[in-house]
$ cat model.cif   # mmCIF, C-alpha atoms
data_coords
loop_
_atom_site.label_atom_id
_atom_site.label_comp_id
_atom_site.auth_asym_id
_atom_site.auth_seq_id
_atom_site.Cartn_x
_atom_site.Cartn_y
_atom_site.Cartn_z
CA MET K 12 20.05 3.74 5.73
CA ALA K 13 20.86 0.79 3.48
CA GLY K 14 24.50 0.31 2.52
CA PRO K 15 25.71 -0.42 -1.02
CA SER K 16 25.90 -4.17 -0.46
CA ARG K 17 22.36 -4.29 0.94
CA ILE K 18 21.05 -2.37 -2.07
CA VAL K 19 22.60 -4.88 -4.47
CA GLN K 20 21.31 -7.81 -2.40
CA ASP K 21 17.80 -6.34 -2.50
CA LEU K 22 17.96 -6.05 -6.28
CA ARG K 23 19.13 -9.63 -6.61
CA ARG K 24 16.16 -10.80 -4.55
CA ALA K 25 13.73 -8.96 -6.81
CA ARG K 26 11.13 -10.84 -8.84
CA VAL K 27 10.81 -8.82 -12.02
CA LEU K 28 8.29 -8.78 -14.84
CA VAL K 29 9.39 -7.02 -18.02
CA VAL K 30 6.37 -5.89 -20.03
CA HIS K 31 8.00 -4.95 -23.33
CA PRO K 32 8.03 -6.22 -26.92
CA ARG K 33 10.74 -8.82 -27.51
CA ASP K 34 12.86 -6.52 -29.65
CA GLU K 35 16.45 -5.33 -29.24
CA ASP K 36 15.57 -2.98 -26.37
CA GLY K 37 13.64 -5.67 -24.57
CA ASN K 38 16.48 -8.14 -24.95
CA VAL K 39 19.02 -5.62 -23.62
CA LEU K 40 16.90 -5.01 -20.54
CA ILE K 41 16.23 -8.68 -19.83
CA ALA K 42 19.88 -9.64 -20.29
CA HIS K 43 21.09 -6.86 -17.98
CA LEU K 44 18.63 -7.81 -15.24
CA LYS K 45 19.59 -11.47 -15.50
CA ARG K 46 23.28 -10.59 -15.21
CA LEU K 47 22.43 -8.83 -11.98
CA GLY K 48 21.07 -12.12 -10.67
CA CYS K 49 17.41 -11.35 -10.07
CA GLU K 50 14.50 -13.48 -11.26
CA VAL K 51 13.20 -12.13 -14.56
CA ARG K 52 10.15 -12.95 -16.63
CA ALA K 53 9.00 -11.20 -19.78
CA THR K 54 5.67 -10.72 -21.50
CA TRP K 55 3.97 -8.58 -24.09
CA PRO K 56 1.36 -7.20 -24.12
CA LEU K 57 0.36 -6.49 -20.51
CA PRO K 58 -1.37 -9.62 -19.14
CA PRO K 59 -4.82 -9.60 -17.50
CA ALA K 60 -3.12 -10.07 -14.12
CA LEU K 61 0.41 -10.04 -12.77
CA PRO K 62 2.04 -13.25 -11.53
CA PRO K 63 1.37 -13.30 -7.77
CA ASP K 64 5.03 -13.20 -6.73
CA VAL K 65 6.12 -10.26 -8.90
CA ASP K 66 7.34 -7.22 -6.93
CA THR K 67 8.83 -5.05 -9.70
CA VAL K 68 7.51 -4.23 -13.17
CA PHE K 69 9.39 -2.66 -16.06
CA LEU K 70 6.55 -1.37 -18.22
CA HIS K 71 6.76 -0.06 -21.77
CA VAL K 72 4.02 2.57 -21.50
CA GLU K 73 3.31 2.97 -25.21
CA ASP K 74 0.27 0.99 -26.37
CA VAL K 75 -0.66 0.13 -22.77
CA HIS K 76 -4.11 0.71 -21.32
CA VAL K 77 -3.18 2.82 -18.30
CA GLU K 78 -6.38 2.12 -16.36
CA HIS K 79 -5.85 -1.63 -16.68
CA ALA K 80 -2.19 -1.28 -15.71
CA LEU K 81 -3.13 0.73 -12.62
CA GLU K 82 -5.73 -1.83 -11.59
CA ILE K 83 -3.46 -4.86 -11.67
CA ILE K 84 -0.34 -3.11 -10.35
CA ASP K 85 -2.11 -1.52 -7.38
CA LEU K 86 -3.44 -4.91 -6.32
CA GLN K 87 0.11 -6.10 -5.63
CA GLN K 88 1.74 -2.77 -4.73
CA THR K 89 4.65 -3.42 -7.06
CA ALA K 90 7.47 -1.06 -7.88
CA ILE K 91 7.02 0.23 -11.42
CA ILE K 92 9.66 1.53 -13.82
CA ALA K 93 8.17 3.17 -16.90
CA ILE K 94 9.91 2.74 -20.24
CA VAL K 95 9.32 5.53 -22.77
CA THR K 96 10.36 6.12 -26.36
CA TYR K 97 9.50 9.80 -26.56
CA GLU K 98 8.81 12.37 -23.86
CA SER K 99 5.46 13.13 -25.41
CA PRO K 100 2.53 14.58 -23.45
CA THR K 101 0.84 11.16 -23.66
CA ALA K 102 3.87 9.36 -22.25
CA LEU K 103 4.33 11.93 -19.50
CA GLN K 104 0.66 11.62 -18.54
CA ALA K 105 0.97 7.84 -18.39
CA ILE K 106 4.02 8.12 -16.12
CA ILE K 107 2.14 10.45 -13.78
CA ASP K 108 -1.07 8.40 -13.79
CA LEU K 109 0.88 5.22 -13.03
CA ASN K 110 2.81 6.99 -10.26
CA ALA K 111 5.92 5.40 -11.72
CA HIS K 112 8.74 4.96 -9.23
CA GLY K 113 11.38 5.25 -11.97
CA VAL K 114 11.69 6.06 -15.68
CA ILE K 115 14.12 4.90 -18.37
CA SER K 116 14.23 6.11 -21.96
CA LYS K 117 14.76 4.19 -25.17
CA PRO K 118 17.01 3.16 -26.79
CA LEU K 119 17.84 1.13 -23.69
CA ARG K 120 21.43 0.92 -22.55
CA PRO K 121 22.77 -0.87 -19.45
CA LEU K 122 23.93 2.47 -18.02
CA GLY K 123 21.07 3.90 -15.96
CA ILE K 124 18.96 0.77 -15.63
CA LEU K 125 20.48 -0.22 -12.30
CA THR K 126 20.00 3.28 -10.87
CA GLN K 127 16.34 3.44 -11.79
CA PHE K 128 15.82 -0.14 -10.59
CA ALA K 129 17.25 0.65 -7.15
CA LEU K 130 15.45 3.99 -6.92
CA ALA K 131 12.09 2.47 -7.85
CA ARG K 132 12.33 -0.30 -5.27
CA TYR K 133 13.38 2.16 -2.57
CA ARG K 134 10.53 4.54 -3.39
CA GLN K 135 7.96 1.74 -3.43
CA SER K 136 9.23 0.41 -0.09
CA TYR K 137 9.12 3.88 1.41
CA GLU K 138 5.58 4.47 0.16
CA LYS K 139 4.51 1.13 1.59
CA ARG K 140 5.96 1.98 5.02
CA LEU K 141 4.36 5.41 4.90
CA ALA K 142 0.98 3.93 3.97
CA GLY K 143 1.30 1.51 6.90
CA LYS K 144 1.95 4.38 9.31
CA VAL K 145 -1.02 6.31 7.94
CA GLN K 146 -3.25 3.25 8.34
CA LYS K 147 -2.15 2.81 11.96
CA LEU K 148 -2.86 6.48 12.68
CA GLU K 149 -6.30 6.17 11.11
CA GLU K 150 -7.03 3.06 13.17
CA THR K 151 -5.87 4.84 16.32
CA LEU K 152 -8.12 7.82 15.61
CA LYS K 153 -11.04 5.52 14.85
CA SER K 154 -10.49 3.65 18.11
CA ARG K 155 -10.29 6.90 20.05
CA ARG K 156 -13.57 8.12 18.55
CA LEU K 157 -15.23 4.80 19.42
CA VAL K 158 -13.99 5.00 23.01
CA GLU K 159 -15.20 8.59 23.36
CA LYS K 160 -18.62 7.64 22.00
CA ALA K 161 -18.82 4.60 24.30
CA VAL K 162 -17.88 6.72 27.32
CA SER K 163 -20.71 9.12 26.45
CA ALA K 164 -23.08 6.15 26.11
CA LEU K 165 -22.08 4.79 29.52
CA ARG K 166 -22.59 8.19 31.10
CA ALA K 167 -26.04 8.47 29.53
CA MET K 168 -27.11 4.92 30.47
CA ASN K 169 -25.62 4.68 33.93
CA GLY K 170 -25.20 8.22 35.19
CA LEU K 171 -21.42 7.80 35.51
CA ASP K 172 -18.97 10.63 35.33
CA GLU K 173 -16.40 10.60 32.54
CA ALA K 174 -13.56 9.15 34.61
CA ALA K 175 -15.71 6.33 36.00
CA ALA K 176 -17.12 5.49 32.56
CA TYR K 177 -13.64 5.36 31.06
CA LYS K 178 -12.38 3.16 33.92
CA LEU K 179 -15.28 0.77 33.46
CA LEU K 180 -14.54 0.50 29.75
CA ARG K 181 -10.82 -0.02 30.36
CA ASP K 182 -11.40 -2.63 33.07
CA GLN K 183 -13.74 -4.60 30.83
CA ALA K 184 -11.19 -4.57 28.02
CA THR K 185 -8.44 -5.70 30.39
CA SER K 186 -10.49 -8.52 31.90
CA LYS K 187 -11.56 -9.81 28.49
CA ARG K 188 -8.10 -9.21 26.99
CA VAL K 189 -9.43 -7.33 23.99
CA PRO K 190 -8.83 -3.78 22.73
CA MET K 191 -10.90 -1.03 24.30
CA ALA K 192 -12.34 -0.29 20.87
CA THR K 193 -13.90 -3.78 20.80
CA ILE K 194 -15.75 -3.17 24.08
CA ALA K 195 -16.64 0.30 22.89
CA GLU K 196 -18.27 -1.09 19.74
CA SER K 197 -20.39 -3.46 21.85
CA ILE K 198 -21.56 -0.62 24.09
CA ILE K 199 -22.39 1.61 21.12
CA ALA K 200 -24.28 -1.24 19.44
CA ALA K 201 -26.28 -1.84 22.64
CA GLN K 202 -27.17 1.84 22.84
CA ASP K 203 -28.22 1.89 19.19
CA THR K 204 -30.38 -1.21 19.72
CA MET K 205 -32.14 0.40 22.69
CA LYS K 206 -32.77 3.54 20.67
CA SER K 207 -34.19 1.54 17.76
CA LEU K 208 -36.59 -0.19 20.17
CA GLY K 209 -37.68 3.13 21.60
CA LEU K 210 -36.31 2.31 25.04
CA SER K 211 -35.04 4.96 27.38
CA ILE K 212 -31.28 4.99 27.83
CA GLY K 213 -31.07 7.69 30.45
CA ALA K 214 -29.88 6.72 33.90
CA LYS K 215 -32.60 6.61 36.51
CA THR K 216 -32.29 9.04 39.39
CA GLN K 217 -33.32 8.43 42.92
CA PRO K 218 -36.54 10.26 43.98
#

$ encode --input "model.cif" --output "C-alpha cells"
Amino acid sequence: MAGPSRIVQDLRRARVLVVHPRDEDGNVLIAHLKRLGCEVRATWPLPPALPPDVDTVFLHVEDVHVEHALEIIDLQQTAIIAIVTYESPTALQAIIDLNAHGVISKPLRPLGILTQFALARYRQSYEKRLAGKVQKLEETLKSRRLVEKAVSALRAMNGLDEAAAYKLLRDQATSKRVPMATIAESIIAAQDTMKSLGLSIGAKTQP
C-alpha cells in the first residue's frame, strides 16, 4: 500500500492534459495542478490525438464527442477525470461510457481536485495491473491448449502414449530453449499440413 508521501510523489510525476475551455474554471484547475508540481498542458477542444507522454486527462465532458474521446484515450490507457457542470443524464452517460476514474463538478474549487486526481491515478494503475494479470492467464490457457493439442498430434502420428508425447515435447522445448507452446505450434502446423495434403497421420503398426 502506498504511503502519503508516495502518493504525492506520484502526482508530481504526472503528465497532465487539461481538456477544458480557458475560462475561470479552467484557470483554477490548471493553476492548482501546477502548484502541485506536475507537468500540465491545456487544450480545447479535444485534439485528434493525445500527446504521446500524457498519462492523465482532465476532460470537460460537455460538448465532447465521447466516441472520439474513448478512441484516443484507450490507445494510451490514461487516467481520466471527468469534469461536469450538471449531473444530467447526458453527463452521467458520458462518465459511464468513458469509464472515468474520477469526477469533479463545476464550479471548480481546489478542494476535492487532489482527491479525485489521486483516486483516478490509483484506479487506472490498478486496472492496468489487473489487465496484465488477465492477459497472462489468457496466454497461459492458450499455451496449455496448444500443448494438449500437440500431445494429441504426437500420439496420433507416432503411436506414443500421453506421458511419452508430453516428454518429447518438453525435451524439444528444453533443448531449443523455447517455450513448449512454440514447439507445440510447429507440431500442430505439421499435422495440419499433412491433413491438407491428404497424407495419413496415423502411426504405423507392426504386422

$ atom_distance --input "model.cif" --atom1 "CA of Glu173 in chain K" --atom2 "CA of Ala161 in chain K"
10.5 Å

$ residues_near_point --input "model.cif" --point "(14.9, -4.9, -18.0)" --cutoff "10 Å" --atoms "all atoms listed in the file" --output "ChimeraX atom specification"
/K:27-31,36-45,51-53,68-70,92,94,115,119-121,124-125,128

$ residues_around --input "model.cif" --residues "range 183-195 of chain K" --least-positions-apart "2" --cutoff "9 Å" --atoms "only C-alpha atoms" --output "count of residues only"
18

$ closest_residue --input "model.cif" --among "K:Ala129, K:Ile91, K:Ile107, K:Ala80" --to "Pro15 in chain K" --atoms "all atoms listed in the file"
K:Ala129

$ closest_residue --input "model.cif" --among "K:Thr67, K:Ser163, K:Thr89, K:Thr96" --to "Pro118 in chain K" --atoms "all atoms listed in the file"
K:Thr96

$ closest_residue --input "model.cif" --among "K:Ser16, K:Leu22, K:Pro32, K:Tyr97" --to "Tyr133 in chain K" --atoms "all atoms listed in the file"
K:Leu22

$ atom_distance --input "model.cif" --atom1 "CA of Ala111 in chain K" --atom2 "CA of Ala93 in chain K"
6.1 Å

$ atom_distance --input "model.cif" --atom1 "CA of Ser136 in chain K" --atom2 "CA of Ala90 in chain K"
8.1 Å

$ closest_residue --input "model.cif" --among "K:Glu196, K:Glu98, K:Glu138, K:Asp34" --to "His112 in chain K" --atoms "all atoms listed in the file"
K:Glu138

$ closest_residue --input "model.cif" --among "K:Arg132, K:Arg166, K:Arg26, K:Arg46" --to "Pro63 in chain K" --atoms "only C-alpha atoms"
K:Arg26

$ closest_residue --input "model.cif" --among "K:Arg33, K:Leu130, K:Ala164, K:Glu73" --to "Thr54 in chain K" --atoms "all atoms listed in the file"
K:Arg33

$ axis_aligned_box --input "model.cif" --around "range 91-96 of chain K" --padding-each-side "6 Å" --output "lines of an AutoDock Vina configuration file"
center_x = 8.7
center_y = 3.2
center_z = -18.9
size_x = 15.3
size_y = 17.9
size_z = 26.9

$ residues_near_point --input "model.cif" --point "(-3.1, 2.1, -21.8)" --cutoff "12 Å" --atoms "only C-alpha atoms" --output "number ranges by chain"
K: 56-57, 70-82, 101-102, 104-106, 108-109
